[in-house]
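protein19.cif, holding mmCIF, C-alpha atoms (C1' of nucleotides):
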```cif
data_upload
loop_
_atom_site.label_atom_id
_atom_site.label_comp_id
_atom_site.auth_asym_id
_atom_site.auth_seq_id
_atom_site.Cartn_x
_atom_site.Cartn_y
_atom_site.Cartn_z
CA MET G 1 -16.90 13.31 -22.96
CA LYS G 2 -14.49 16.14 -22.79
CA TYR G 3 -11.42 14.96 -24.60
CA GLU G 4 -12.62 13.57 -27.89
CA ARG G 5 -10.06 12.02 -30.11
CA PRO G 6 -9.94 11.64 -33.87
CA ALA G 7 -11.61 8.45 -35.02
CA ASP G 8 -8.37 7.03 -36.31
CA SER G 9 -6.93 6.60 -32.81
CA ALA G 10 -8.72 3.41 -31.96
CA ASN G 11 -10.70 3.10 -28.77
CA GLU G 12 -8.71 0.17 -27.53
CA ALA G 13 -5.45 2.02 -27.80
CA THR G 14 -6.97 4.86 -25.80
CA ASP G 15 -8.07 2.51 -23.05
CA VAL G 16 -4.73 0.84 -22.76
CA GLN G 17 -2.92 4.15 -22.66
CA GLU G 18 -5.13 5.57 -19.99
CA GLU G 19 -5.20 2.52 -17.84
CA ARG G 20 -1.47 2.31 -17.95
CA LEU G 21 -1.00 5.63 -16.22
CA ALA G 22 -2.45 4.39 -12.94
CA ARG G 23 -0.29 1.31 -13.22
CA LEU G 24 2.86 3.31 -13.86
CA ILE G 25 2.21 5.50 -10.88
CA ARG G 26 1.56 2.49 -8.68
CA LEU G 27 4.77 0.81 -9.82
CA ALA G 28 6.78 3.96 -9.30
CA ALA G 29 5.37 4.39 -5.81
CA ARG G 30 6.19 0.84 -4.88
CA ALA G 31 9.69 1.01 -6.32
CA PHE G 32 10.32 4.22 -4.37
CA ASN G 33 9.05 2.72 -1.14
CA ARG G 34 11.14 -0.39 -1.54
CA SER G 35 14.23 1.52 -2.45
CA LEU G 36 13.92 3.61 0.68
CA GLN G 37 12.99 0.70 2.88
CA LEU G 38 15.94 -1.31 1.69
CA ARG G 39 18.24 1.47 2.82
CA LEU G 40 16.46 2.27 6.07
CA THR G 41 16.67 -1.36 7.11
CA THR G 42 20.42 -1.06 7.38
CA GLU G 43 19.79 1.38 10.24
CA GLY G 44 16.99 -0.68 11.77
CA VAL G 45 14.27 1.81 10.87
CA THR G 46 11.02 0.93 9.16
CA PHE G 47 9.30 2.96 6.51
CA GLY G 48 6.54 4.09 8.85
CA GLN G 49 9.05 5.32 11.37
CA TRP G 50 10.90 7.25 8.72
CA ILE G 51 7.75 9.11 7.76
CA PHE G 52 7.21 10.41 11.27
CA LEU G 53 10.86 10.96 12.08
CA ARG G 54 11.14 13.27 9.09
CA ILE G 55 8.23 15.35 10.28
CA LEU G 56 9.53 15.55 13.84
CA TRP G 57 13.00 16.59 12.72
CA GLN G 58 11.34 19.60 11.14
CA GLU G 59 8.92 20.26 13.96
CA ASP G 60 9.39 18.43 17.24
CA GLY G 61 6.60 18.11 19.78
CA LEU G 62 3.57 17.69 17.50
CA SER G 63 0.45 15.90 18.65
CA GLN G 64 -0.73 12.62 17.15
CA ARG G 65 -3.38 14.43 15.19
CA GLU G 66 -0.97 16.99 13.82
CA LEU G 67 1.45 14.25 12.85
CA SER G 68 -1.18 12.26 11.04
CA GLU G 69 -2.28 15.35 9.13
CA ARG G 70 1.22 16.26 8.08
CA ALA G 71 1.90 12.66 7.02
CA ASN G 72 -1.37 12.38 5.11
CA LEU G 73 -2.24 9.33 7.12
CA THR G 74 -5.17 8.51 9.38
CA GLU G 75 -4.90 8.64 13.13
CA PRO G 76 -5.01 4.91 13.73
CA THR G 77 -2.09 4.51 11.35
CA ALA G 78 -0.15 7.19 13.14
CA HIS G 79 -1.15 5.69 16.45
CA THR G 80 0.39 2.29 15.90
CA ALA G 81 3.50 3.76 14.32
CA LEU G 82 4.00 6.11 17.28
CA LEU G 83 3.53 3.32 19.80
CA ARG G 84 6.28 1.34 18.14
CA MET G 85 8.52 4.38 18.05
CA VAL G 86 8.11 4.80 21.79
CA GLU G 87 8.98 1.12 22.30
CA GLN G 88 12.10 1.56 20.22
CA GLY G 89 13.13 4.63 22.13
CA LEU G 90 12.89 7.04 19.21
CA ILE G 91 10.31 9.33 20.78
CA THR G 92 8.47 9.97 24.01
CA ARG G 93 4.84 11.00 24.20
CA GLU G 94 3.96 13.56 26.82
CA ASN G 95 1.06 15.64 28.00
CA VAL G 96 2.00 19.27 28.06
CA LYS G 97 0.50 22.32 29.69
CA GLY G 98 -1.75 20.24 31.90
CA ASN G 99 -3.73 18.95 28.92
CA LYS G 100 -4.41 15.28 29.61
CA ARG G 101 -5.84 14.64 26.17
CA ARG G 102 -3.25 15.81 23.69
CA GLN G 103 -0.15 13.66 23.54
CA HIS G 104 2.82 15.44 22.05
CA ALA G 105 5.64 13.43 20.54
CA PHE G 106 9.20 14.43 21.32
CA LEU G 107 12.31 12.99 19.78
CA THR G 108 14.75 11.27 22.09
CA PRO G 109 18.49 11.80 21.59
CA ARG G 110 18.44 8.52 19.66
CA GLY G 111 15.66 9.87 17.45
CA TRP G 112 17.67 13.01 16.72
CA GLU G 113 20.85 11.09 16.06
CA LEU G 114 19.30 9.09 13.26
CA ARG G 115 18.78 12.21 11.22
CA GLU G 116 22.29 12.52 9.89
CA ARG G 117 22.42 8.86 9.01
CA LEU G 118 19.00 8.54 7.40
CA GLU G 119 18.65 11.70 5.37
CA PRO G 120 21.55 10.84 3.06
CA LEU G 121 19.90 7.52 2.34
CA ALA G 122 16.72 9.20 1.17
CA ILE G 123 18.68 11.62 -0.95
CA GLU G 124 20.58 8.73 -2.47
CA ALA G 125 17.36 6.93 -3.38
CA ASN G 126 16.00 10.08 -4.96
CA ASP G 127 19.16 10.75 -6.91
CA ILE G 128 19.09 7.25 -8.31
CA ALA G 129 15.43 7.55 -9.20
CA VAL G 130 15.76 10.72 -11.25
CA GLU G 131 18.96 9.77 -13.05
CA GLY G 132 18.59 10.60 -16.71
CA LEU G 133 15.75 13.08 -16.28
CA SER G 134 16.33 16.72 -17.15
CA ALA G 135 15.39 19.57 -14.86
CA ASP G 136 12.57 20.46 -17.24
CA GLU G 137 11.21 16.96 -17.24
CA LEU G 138 11.30 16.85 -13.47
CA LYS G 139 9.44 20.12 -13.30
CA ILE G 140 6.71 18.81 -15.57
CA LEU G 141 6.60 15.54 -13.66
CA ARG G 142 6.01 17.39 -10.40
CA ARG G 143 3.39 19.61 -11.89
CA ALA G 144 1.59 16.69 -13.51
CA LEU G 145 1.55 14.72 -10.29
CA ASN G 146 0.18 17.70 -8.41
CA VAL G 147 -2.56 18.15 -10.97
CA ILE G 148 -3.49 14.48 -10.78
CA ILE G 149 -3.58 14.51 -7.00
CA THR G 150 -5.73 17.63 -6.95
CA ASN G 151 -8.12 16.27 -9.56
CA LEU G 152 -8.59 12.97 -7.81
CA GLU G 153 -8.95 14.44 -4.35
CA ARG G 154 -11.56 16.85 -5.61
CA ASP G 155 -13.36 13.94 -7.23
CA GLU G 156 -13.28 11.95 -4.04
CA ALA G 157 -14.57 14.88 -2.02
CA GLU G 158 -17.44 15.33 -4.47
CA ALA G 159 -18.21 11.63 -4.38
CA ALA G 160 -18.24 11.72 -0.59
CA ALA G 161 -20.62 14.67 -0.70
CA ARG G 162 -22.93 12.56 -2.85
CA GLY G 163 -22.80 9.87 -0.19
CA MET G 164 -20.26 7.51 -1.81
CA ARG G 165 -17.91 5.98 0.70
CA MET G 166 -14.88 3.79 0.71
CA PRO G 167 -15.89 0.26 1.55
CA PRO G 168 -15.82 -0.35 5.29
CA THR G 169 -12.91 -2.48 6.39
CA ARG G 170 -14.78 -3.84 9.32
CA ILE G 171 -17.96 -5.88 9.37
CA THR G 172 -20.61 -3.27 9.86
CA THR G 173 -22.92 -4.18 12.71
CA SER G 174 -24.83 -6.70 10.71
CA VAL G 175 -28.40 -7.91 10.49
CA LEU G 176 -30.53 -7.28 13.54
CA MET I 1 26.37 15.22 -7.88
CA LYS I 2 24.97 15.67 -11.27
CA TYR I 3 22.58 18.55 -10.98
CA GLU I 4 24.44 21.26 -9.15
CA ARG I 5 22.55 24.34 -8.28
CA PRO I 6 23.74 27.88 -7.80
CA ALA I 7 24.90 28.52 -4.26
CA ASP I 8 21.99 30.81 -3.54
CA SER I 9 19.53 27.92 -3.64
CA ALA I 10 20.25 26.51 -0.22
CA ASN I 11 20.93 22.86 0.45
CA GLU I 12 17.78 22.52 2.47
CA ALA I 13 15.66 23.53 -0.46
CA THR I 14 17.31 20.84 -2.56
CA ASP I 15 16.58 18.17 0.00
CA VAL I 16 13.00 19.19 0.35
CA GLN I 17 12.52 19.20 -3.39
CA GLU I 18 13.98 15.77 -3.81
CA GLU I 19 12.19 14.21 -0.92
CA ARG I 20 8.96 15.58 -2.14
CA LEU I 21 9.04 13.60 -5.35
CA ALA I 22 8.61 10.28 -3.57
CA ARG I 23 5.81 11.79 -1.54
CA LEU I 24 4.02 13.13 -4.60
CA ILE I 25 4.19 9.78 -6.31
CA ARG I 26 2.88 8.04 -3.20
CA LEU I 27 -0.01 10.47 -2.91
CA ALA I 28 -0.87 10.13 -6.57
CA ALA I 29 -0.83 6.36 -6.33
CA ARG I 30 -3.09 6.38 -3.34
CA ALA I 31 -5.50 8.87 -4.86
CA PHE I 32 -5.71 6.75 -7.99
CA ASN I 33 -6.35 3.58 -6.04
CA ARG I 34 -9.05 5.20 -3.96
CA SER I 35 -10.71 6.77 -6.95
CA LEU I 36 -10.93 3.44 -8.66
CA GLN I 37 -11.96 1.58 -5.54
CA LEU I 38 -14.72 4.04 -4.83
CA ARG I 39 -16.17 3.29 -8.25
CA LEU I 40 -15.64 -0.44 -8.23
CA THR I 41 -17.42 -0.72 -4.90
CA THR I 42 -20.65 0.29 -6.60
CA GLU I 43 -20.38 -2.99 -8.51
CA GLY I 44 -19.24 -5.00 -5.50
CA VAL I 45 -15.72 -5.52 -6.80
CA THR I 46 -12.55 -4.88 -4.82
CA PHE I 47 -9.39 -3.38 -6.15
CA GLY I 48 -7.51 -6.67 -6.04
CA GLN I 49 -10.22 -8.37 -8.02
CA TRP I 50 -10.14 -5.64 -10.63
CA ILE I 51 -6.43 -6.15 -11.18
CA PHE I 52 -6.86 -9.81 -12.04
CA LEU I 53 -10.12 -9.42 -13.91
CA ARG I 54 -8.45 -6.99 -16.26
CA ILE I 55 -5.69 -9.44 -17.04
CA LEU I 56 -8.09 -12.32 -17.57
CA TRP I 57 -10.29 -10.29 -19.90
CA GLN I 58 -7.24 -9.94 -22.12
CA GLU I 59 -6.04 -13.49 -21.70
CA ASP I 60 -8.30 -16.03 -20.04
CA GLY I 61 -6.99 -19.27 -18.59
CA LEU I 62 -3.66 -18.12 -17.15
CA SER I 63 -2.02 -19.93 -14.26
CA GLN I 64 -1.54 -18.35 -10.85
CA ARG I 65 2.11 -17.78 -11.57
CA GLU I 66 1.43 -16.15 -14.91
CA LEU I 67 -1.20 -13.94 -13.35
CA SER I 68 1.10 -12.81 -10.57
CA GLU I 69 3.80 -11.98 -13.10
CA ARG I 70 1.49 -9.96 -15.29
CA ALA I 71 0.10 -8.12 -12.29
CA ASN I 72 3.55 -7.41 -10.85
CA LEU I 73 2.48 -9.02 -7.62
CA THR I 74 3.87 -11.97 -5.69
CA GLU I 75 2.26 -15.38 -5.76
CA PRO I 76 0.86 -15.29 -2.24
CA THR I 77 -0.86 -12.03 -3.09
CA ALA I 78 -2.32 -13.50 -6.23
CA HIS I 79 -3.25 -16.61 -4.31
CA THR I 80 -5.49 -14.94 -1.76
CA ALA I 81 -7.07 -12.70 -4.38
CA LEU I 82 -7.84 -15.67 -6.61
CA LEU I 83 -9.34 -17.66 -3.75
CA ARG I 84 -11.72 -14.83 -3.03
CA MET I 85 -12.60 -14.54 -6.68
CA VAL I 86 -13.53 -18.20 -6.76
CA GLU I 87 -15.71 -17.72 -3.67
CA GLN I 88 -17.47 -14.84 -5.35
CA GLY I 89 -18.05 -16.80 -8.51
CA LEU I 90 -15.92 -14.61 -10.76
CA ILE I 91 -13.52 -17.34 -11.84
CA THR I 92 -12.96 -21.06 -11.61
CA ARG I 93 -9.56 -22.68 -11.16
CA GLU I 94 -8.96 -25.83 -13.09
CA ASN I 95 -6.23 -28.30 -13.81
CA VAL I 96 -5.81 -28.71 -17.52
CA LYS I 97 -4.12 -31.36 -19.64
CA GLY I 98 -3.83 -33.73 -16.70
CA ASN I 99 -1.40 -31.43 -14.90
CA LYS I 100 -2.28 -31.53 -11.22
CA ARG I 101 0.11 -28.75 -10.33
CA ARG I 102 -0.77 -25.82 -12.54
CA GLN I 103 -4.11 -24.23 -11.76
CA HIS I 104 -5.51 -22.18 -14.59
CA ALA I 105 -8.03 -19.46 -13.87
CA PHE I 106 -11.06 -19.15 -16.13
CA LEU I 107 -13.62 -16.39 -16.03
CA THR I 108 -17.18 -17.39 -15.27
CA PRO I 109 -20.02 -15.75 -17.19
CA ARG I 110 -20.35 -13.41 -14.23
CA GLY I 111 -16.67 -12.56 -14.52
CA TRP I 112 -17.04 -11.76 -18.20
CA GLU I 113 -20.19 -9.72 -17.67
CA LEU I 114 -18.45 -7.31 -15.35
CA ARG I 115 -16.18 -6.15 -18.10
CA GLU I 116 -18.57 -3.77 -19.75
CA ARG I 117 -19.60 -2.28 -16.48
CA LEU I 118 -16.16 -1.89 -14.93
CA GLU I 119 -14.01 -0.70 -17.79
CA PRO I 120 -15.91 2.58 -18.18
CA LEU I 121 -15.35 3.25 -14.48
CA ALA I 122 -11.60 2.97 -14.87
CA ILE I 123 -11.65 5.19 -17.91
CA GLU I 124 -13.69 7.73 -16.01
CA ALA I 125 -11.19 7.78 -13.16
CA ASN I 126 -8.35 8.24 -15.59
CA ASP I 127 -10.10 11.02 -17.46
CA ILE I 128 -10.69 12.87 -14.24
CA ALA I 129 -7.10 12.39 -13.16
CA VAL I 130 -5.53 13.87 -16.28
CA GLU I 131 -7.90 16.78 -16.67
CA GLY I 132 -5.91 19.90 -17.39
CA LEU I 133 -2.79 18.12 -18.60
CA SER I 134 -1.70 18.50 -22.20
CA ALA I 135 -0.78 15.59 -24.42
CA ASP I 136 2.85 16.66 -24.24
CA GLU I 137 2.84 16.79 -20.50
CA LEU I 138 1.28 13.35 -20.32
CA LYS I 139 3.92 12.00 -22.63
CA ILE I 140 6.68 13.38 -20.46
CA LEU I 141 4.92 12.14 -17.34
CA ARG I 142 4.82 8.62 -18.70
CA ARG I 143 8.41 8.72 -19.81
CA ALA I 144 9.57 10.11 -16.49
CA LEU I 145 7.71 7.44 -14.55
CA ASN I 146 9.19 4.74 -16.73
CA VAL I 147 12.68 6.10 -16.18
CA ILE I 148 12.14 6.22 -12.43
CA ILE I 149 10.80 2.69 -12.31
CA THR I 150 13.69 1.38 -14.38
CA ASN I 151 16.27 3.20 -12.29
CA LEU I 152 14.86 1.99 -9.00
CA GLU I 153 14.39 -1.58 -10.11
CA ARG I 154 17.94 -1.71 -11.39
CA ASP I 155 19.10 -0.32 -8.07
CA GLU I 156 17.13 -2.91 -6.15
CA ALA I 157 18.49 -5.71 -8.31
CA GLU I 158 22.03 -4.49 -7.70
CA ALA I 159 21.40 -4.22 -3.98
CA ALA I 160 20.03 -7.75 -3.94
CA ALA I 161 23.13 -8.95 -5.75
CA ARG I 162 25.19 -7.40 -2.96
CA GLY I 163 23.12 -9.35 -0.44
CA MET I 164 20.77 -6.57 0.70
CA ARG I 165 17.27 -7.83 1.26
CA MET I 166 13.92 -6.42 2.12
CA PRO I 167 13.21 -6.90 5.80
CA PRO I 168 11.53 -10.24 6.47
CA THR I 169 7.86 -9.93 7.30
CA ARG I 170 7.92 -13.01 9.42
CA ILE I 171 9.95 -13.74 12.51
CA THR I 172 12.90 -15.63 11.16
CA THR I 173 13.43 -18.87 13.03
CA SER I 174 14.98 -17.23 16.02
CA VAL I 175 17.64 -18.10 18.56
CA LEU I 176 18.38 -21.80 18.98
"C1'" DC Z 1 13.09 -47.22 -13.31
"C1'" DG Z 2 14.32 -44.30 -9.46
"C1'" DC Z 3 15.99 -40.28 -7.49
"C1'" DA Z 4 17.31 -35.44 -7.51
"C1'" DC Z 5 16.04 -31.04 -8.84
"C1'" DA Z 6 12.79 -27.67 -10.38
"C1'" DA Z 7 8.17 -25.69 -10.82
"C1'" DA Z 8 3.84 -24.41 -8.94
"C1'" DC Z 9 0.90 -23.65 -5.43
"C1'" DT Z 10 0.09 -23.01 -0.14
"C1'" DT Z 11 0.69 -21.60 4.52
"C1'" DA Z 12 2.54 -18.56 8.19
"C1'" DG Z 13 3.01 -14.36 9.92
"C1'" DA Z 14 4.26 -9.65 9.60
"C1'" DA Z 15 3.71 -4.28 8.13
"C1'" DA Z 16 1.10 -0.56 6.84
"C1'" DG Z 17 -2.92 1.14 5.66
"C1'" DC Z 18 -7.96 1.97 6.19
"C1'" DT Z 19 -13.12 2.59 8.23
"C1'" DA Z 20 -16.01 2.52 12.14
"C1'" DA Z 21 -16.87 3.00 16.66
"C1'" DG Z 22 -15.45 3.47 21.25
"C1'" DA Z 23 -13.51 6.23 25.61
"C1'" DT Z 24 -12.13 10.28 27.90
"C1'" DA Z 25 -11.03 15.07 28.50
"C1'" DA Z 26 -11.81 19.99 27.29
"C1'" DA Z 27 -14.67 23.74 25.99
"C1'" DG Z 28 -18.83 26.20 25.52
"C1'" DC Z 29 -23.12 27.64 26.78
"C1'" DA Z 30 -27.42 28.16 29.44
"C1'" DT O 1 -22.38 25.19 37.93
"C1'" DG O 2 -23.88 21.42 35.10
"C1'" DC O 3 -24.77 19.48 30.70
"C1'" DT O 4 -23.87 19.05 25.84
"C1'" DT O 5 -20.81 19.14 22.17
"C1'" DT O 6 -16.33 18.73 20.23
"C1'" DA O 7 -11.42 17.16 20.22
"C1'" DT O 8 -8.20 13.71 20.75
"C1'" DC O 9 -6.60 9.43 21.31
"C1'" DT O 10 -7.79 4.16 21.29
"C1'" DT O 11 -9.55 -0.22 19.96
"C1'" DA O 12 -11.51 -3.54 16.68
"C1'" DG O 13 -11.11 -5.70 12.68
"C1'" DC O 14 -10.50 -5.79 7.94
"C1'" DT O 15 -7.47 -5.56 3.10
"C1'" DT O 16 -3.50 -5.76 0.54
"C1'" DT O 17 0.95 -6.59 0.20
"C1'" DC O 18 5.15 -8.75 1.34
"C1'" DT O 19 9.12 -12.45 2.75
"C1'" DA O 20 10.11 -17.00 4.13
"C1'" DA O 21 9.27 -21.55 4.31
"C1'" DG O 22 6.56 -25.34 3.45
"C1'" DT O 23 4.09 -29.24 0.22
"C1'" DT O 24 3.18 -31.51 -3.82
"C1'" DT O 25 3.86 -32.69 -8.61
"C1'" DG O 26 6.66 -32.94 -13.00
"C1'" DT O 27 11.01 -33.64 -15.40
"C1'" DG O 28 15.35 -35.19 -16.56
"C1'" DC O 29 19.27 -37.94 -16.07
"C1'" DG O 30 22.04 -41.97 -14.90
#
```
Go through the file and emit its structure as structure tokens.
Amino acid sequence: MKYERPADSANEATDVQEERLARLIRLAARAFNRSLQLRLTTEGVTFGQWIFLRILWQEDGLSQRELSERANLTEPTAHTALLRMVEQGLITRENVKGNKRRQHAFLTPRGWELRERLEPLAIEANDIAVEGLSADELKILRRALNVIITNLERDEAEAAARGMRMPPTRITTSVL
Amino acid sequence: MKYERPADSANEATDVQEERLARLIRLAARAFNRSLQLRLTTEGVTFGQWIFLRILWQEDGLSQRELSERANLTEPTAHTALLRMVEQGLITRENVKGNKRRQHAFLTPRGWELRERLEPLAIEANDIAVEGLSADELKILRRALNVIITNLERDEAEAAARGMRMPPTRITTSVL
DNA sequence: CGCACAAACTTAGAAAGCTAAGATAAAGCA
DNA sequence: TGCTTTATCTTAGCTTTCTAAGTTTGTGCG
């Protein structure tokens, strides 16, 4: 054990403290998602669409793979989101430069238009969230979150290298 | 606007900063979930089961409603998780004191046994996550997360009072 | 007692996410 | 040139979570 504590800080208390952190982060993430979703709904946009719209506003014409990387999501997740965005007329997907494999996503005029209506909503949600926190606290919060993310991703990579895997979500070709 | 910045820090930078906070929290939440799930899988337990096991270890015999409240999850979510836990022999659900409505969940011996094997896994994940953060930073992190959660939940409650709702997840009895 | 209202659990169906395993096109190499 | 490998997008099917809308059982009041 790396971080030993004096005997007088009971074990139980330690457990509770530590376990709470994951819970707090989960609750904060959910509250943030809901807050944003609540606002986006007024413009008929879902959370998943928002994620990809934001990326395309910065950099139009990315491929599905590039989009999923920038969004930190898997390709199947990006895939279904992009299909729906085509249906709703927010983007088109096109093959460019004679490459029949890569499908680049381009914002439609409607997709571009949403920008000025949606971005203020996200800023509003963020402003509400951080109300009462000082600049210093926010700085530490960001740093701490980055550290946690780095630590856990490193851990997952190491676990994967040792052969540990996330449980399959599909019945693996069973007994035979 | 509360936190004005000197003119030389462009608006764009501000936006990016603010938007990033939600993203960081989302990433941290996901990394935490995966880290825990990866470990729980070695004992054949899913994340959802862990959530309710933890609560029952503290307080056995709670009803579905009480469990969903303590877990910060809705009843349908608790419902499906509990059904699976019954299937797997982790809990039983029983009517007590002749009440045919309330269903109290009781840990089976198997459910109790898991405690000593699972709790260390959660502690391990937490230890890894906070590696490199000082006690002060952790304190601020916790406070900041609590502030954010409170702010956003208040905002959602106010929005609900004004009639704003989360988008329905089911097709609302359409045209007729 | 009987009926209305409330509490508790269930069912229906959707979104968003994932892993695994295709399919097809491009690139690289012998 | 032809074959193998790699890239990219798709499909299949599962989990977890939600909102909305039942169903059933208790409770309280006239």
Within 9 Å of segment 5-23 of chain Z: each chain O residue with its shortest pair, all atoms listed in the file, as a tab-separated table:
```
residue	atom	partner	partner_atom	distance
O:DC9	C1'	Z:DA23	C1'	8.7
O:DT10	C1'	Z:DA23	C1'	7.5
O:DT11	C1'	Z:DG22	C1'	7.1
O:DA12	C1'	Z:DA21	C1'	8.5
O:DC14	C1'	Z:DC18	C1'	8.4
O:DT15	C1'	Z:DC18	C1'	8.2
O:DT16	C1'	Z:DG17	C1'	8.6
O:DT17	C1'	Z:DA15	C1'	8.7
O:DC18	C1'	Z:DA15	C1'	8.3
O:DT19	C1'	Z:DA14	C1'	8.9
O:DA20	C1'	Z:DA12	C1'	8.7
O:DA21	C1'	Z:DA12	C1'	8.3
O:DG22	C1'	Z:DT11	C1'	7.0
O:DT23	C1'	Z:DT10	C1'	7.4
O:DT24	C1'	Z:DC9	C1'	8.3
O:DT25	C1'	Z:DA8	C1'	8.3
O:DG26	C1'	Z:DA7	C1'	7.7
O:DT27	C1'	Z:DA6	C1'	8.0
O:DG28	C1'	Z:DC5	C1'	8.8
```
Enumerate, as a PDB file with C-alpha atoms, keeping the file's coordinate frame, the residues matched when the PyMOL selection byres ((chain G) within 6 of (chain I)) is run on the file above.
```pdb
ATOM      1  CA  ILE G  25       2.210   5.500 -10.880  1.00  0.00           C
ATOM      2  CA  ARG G  26       1.560   2.490  -8.680  1.00  0.00           C
ATOM      3  CA  ALA G  28       6.780   3.960  -9.300  1.00  0.00           C
ATOM      4  CA  ALA G  29       5.370   4.390  -5.810  1.00  0.00           C
ATOM      5  CA  ALA G  31       9.690   1.010  -6.320  1.00  0.00           C
ATOM      6  CA  LEU G  38      15.940  -1.310   1.690  1.00  0.00           C
ATOM      7  CA  ALA G 129      15.430   7.550  -9.200  1.00  0.00           C
ATOM      8  CA  VAL G 130      15.760  10.720 -11.250  1.00  0.00           C
ATOM      9  CA  LEU G 141       6.600  15.540 -13.660  1.00  0.00           C
ATOM     10  CA  ILE G 148      -3.490  14.480 -10.780  1.00  0.00           C
ATOM     11  CA  ILE G 149      -3.580  14.510  -7.000  1.00  0.00           C
ATOM     12  CA  ASN G 151      -8.120  16.270  -9.560  1.00  0.00           C
ATOM     13  CA  LEU G 152      -8.590  12.970  -7.810  1.00  0.00           C
ATOM     14  CA  MET G 166     -14.880   3.790   0.710  1.00  0.00           C
TER      15      MET G 166
END
```
| Separation of atom CA of Gln49 of chain G from atom CA of Glu66 of chain G, in Å and rounded to one decimal |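 Interatomic distance here is 15.6 Å.
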| task | Could you please tell me, as a PyMOL selection string, which residues of chain G have an atom within 12 Å of chain O when using all atoms listed in the file? | result | chain G and resi 30+34+63-66+68+75-80+82-83+93+95+99-104+167-173
| request: Using all atoms listed in the file, find the one residue out of G:Arg54, G:Leu62, G:Glu43, G:Leu73 that sits nearest to chain Z. | output: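 Between G:Arg54, G:Leu62, G:Glu43, G:Leu73, the residue approaching chain Z most closely is G:Leu73.
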| task | Give me the result of the PyMOL selection byres ((chain I and resi 88) around 12) on this file, residue by residue, as a VMD selection string. | result | chain I and resid 44 to 46 49 81 to 87 89 to 92 107 to 108 110 to 111
Please return segment 61-71 of chain G, rebuilt to N, CA, C and O atoms, as a PDB file, in the frame of the given file.
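As a result, part-v5.pdb now contains:
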```pdb
ATOM      1  N   GLY G  61       7.627  17.813  18.782  1.00  0.00           N
ATOM      2  CA  GLY G  61       6.600  18.110  19.780  1.00  0.00           C
ATOM      3  C   GLY G  61       5.186  18.211  19.240  1.00  0.00           C
ATOM      4  O   GLY G  61       4.309  18.781  19.888  1.00  0.00           O
ATOM      5  N   LEU G  62       4.925  17.646  18.061  1.00  0.00           N
ATOM      6  CA  LEU G  62       3.570  17.690  17.500  1.00  0.00           C
ATOM      7  C   LEU G  62       2.689  16.636  18.154  1.00  0.00           C
ATOM      8  O   LEU G  62       3.171  15.620  18.655  1.00  0.00           O
ATOM      9  N   SER G  63       1.398  16.875  18.118  1.00  0.00           N
ATOM     10  CA  SER G  63       0.450  15.900  18.650  1.00  0.00           C
ATOM     11  C   SER G  63       0.207  14.799  17.621  1.00  0.00           C
ATOM     12  O   SER G  63       0.561  14.936  16.446  1.00  0.00           O
ATOM     13  N   GLN G  64      -0.426  13.729  18.056  1.00  0.00           N
ATOM     14  CA  GLN G  64      -0.730  12.620  17.150  1.00  0.00           C
ATOM     15  C   GLN G  64      -1.560  13.117  15.963  1.00  0.00           C
ATOM     16  O   GLN G  64      -1.303  12.764  14.814  1.00  0.00           O
ATOM     17  N   ARG G  65      -2.528  13.925  16.270  1.00  0.00           N
ATOM     18  CA  ARG G  65      -3.380  14.430  15.190  1.00  0.00           C
ATOM     19  C   ARG G  65      -2.585  15.253  14.196  1.00  0.00           C
ATOM     20  O   ARG G  65      -2.709  15.066  12.984  1.00  0.00           O
ATOM     21  N   GLU G  66      -1.770  16.147  14.717  1.00  0.00           N
ATOM     22  CA  GLU G  66      -0.970  16.990  13.820  1.00  0.00           C
ATOM     23  C   GLU G  66      -0.034  16.126  12.978  1.00  0.00           C
ATOM     24  O   GLU G  66       0.138  16.370  11.779  1.00  0.00           O
ATOM     25  N   LEU G  67       0.533  15.126  13.586  1.00  0.00           N
ATOM     26  CA  LEU G  67       1.450  14.250  12.850  1.00  0.00           C
ATOM     27  C   LEU G  67       0.716  13.509  11.732  1.00  0.00           C
ATOM     28  O   LEU G  67       1.212  13.397  10.619  1.00  0.00           O
ATOM     29  N   SER G  68      -0.467  13.011  12.066  1.00  0.00           N
ATOM     30  CA  SER G  68      -1.180  12.260  11.040  1.00  0.00           C
ATOM     31  C   SER G  68      -1.588  13.179   9.889  1.00  0.00           C
ATOM     32  O   SER G  68      -1.529  12.786   8.728  1.00  0.00           O
ATOM     33  N   GLU G  69      -1.929  14.413  10.207  1.00  0.00           N
ATOM     34  CA  GLU G  69      -2.280  15.350   9.130  1.00  0.00           C
ATOM     35  C   GLU G  69      -1.080  15.633   8.239  1.00  0.00           C
ATOM     36  O   GLU G  69      -1.178  15.585   7.022  1.00  0.00           O
ATOM     37  N   ARG G  70       0.044  15.921   8.874  1.00  0.00           N
ATOM     38  CA  ARG G  70       1.220  16.260   8.080  1.00  0.00           C
ATOM     39  C   ARG G  70       1.694  15.063   7.261  1.00  0.00           C
ATOM     40  O   ARG G  70       2.285  15.211   6.202  1.00  0.00           O
ATOM     41  N   ALA G  71       1.445  13.859   7.738  1.00  0.00           N
ATOM     42  CA  ALA G  71       1.900  12.660   7.020  1.00  0.00           C
ATOM     43  C   ALA G  71       0.877  12.193   5.997  1.00  0.00           C
ATOM     44  O   ALA G  71       1.142  11.256   5.249  1.00  0.00           O
TER      45      ALA G  71
END
```
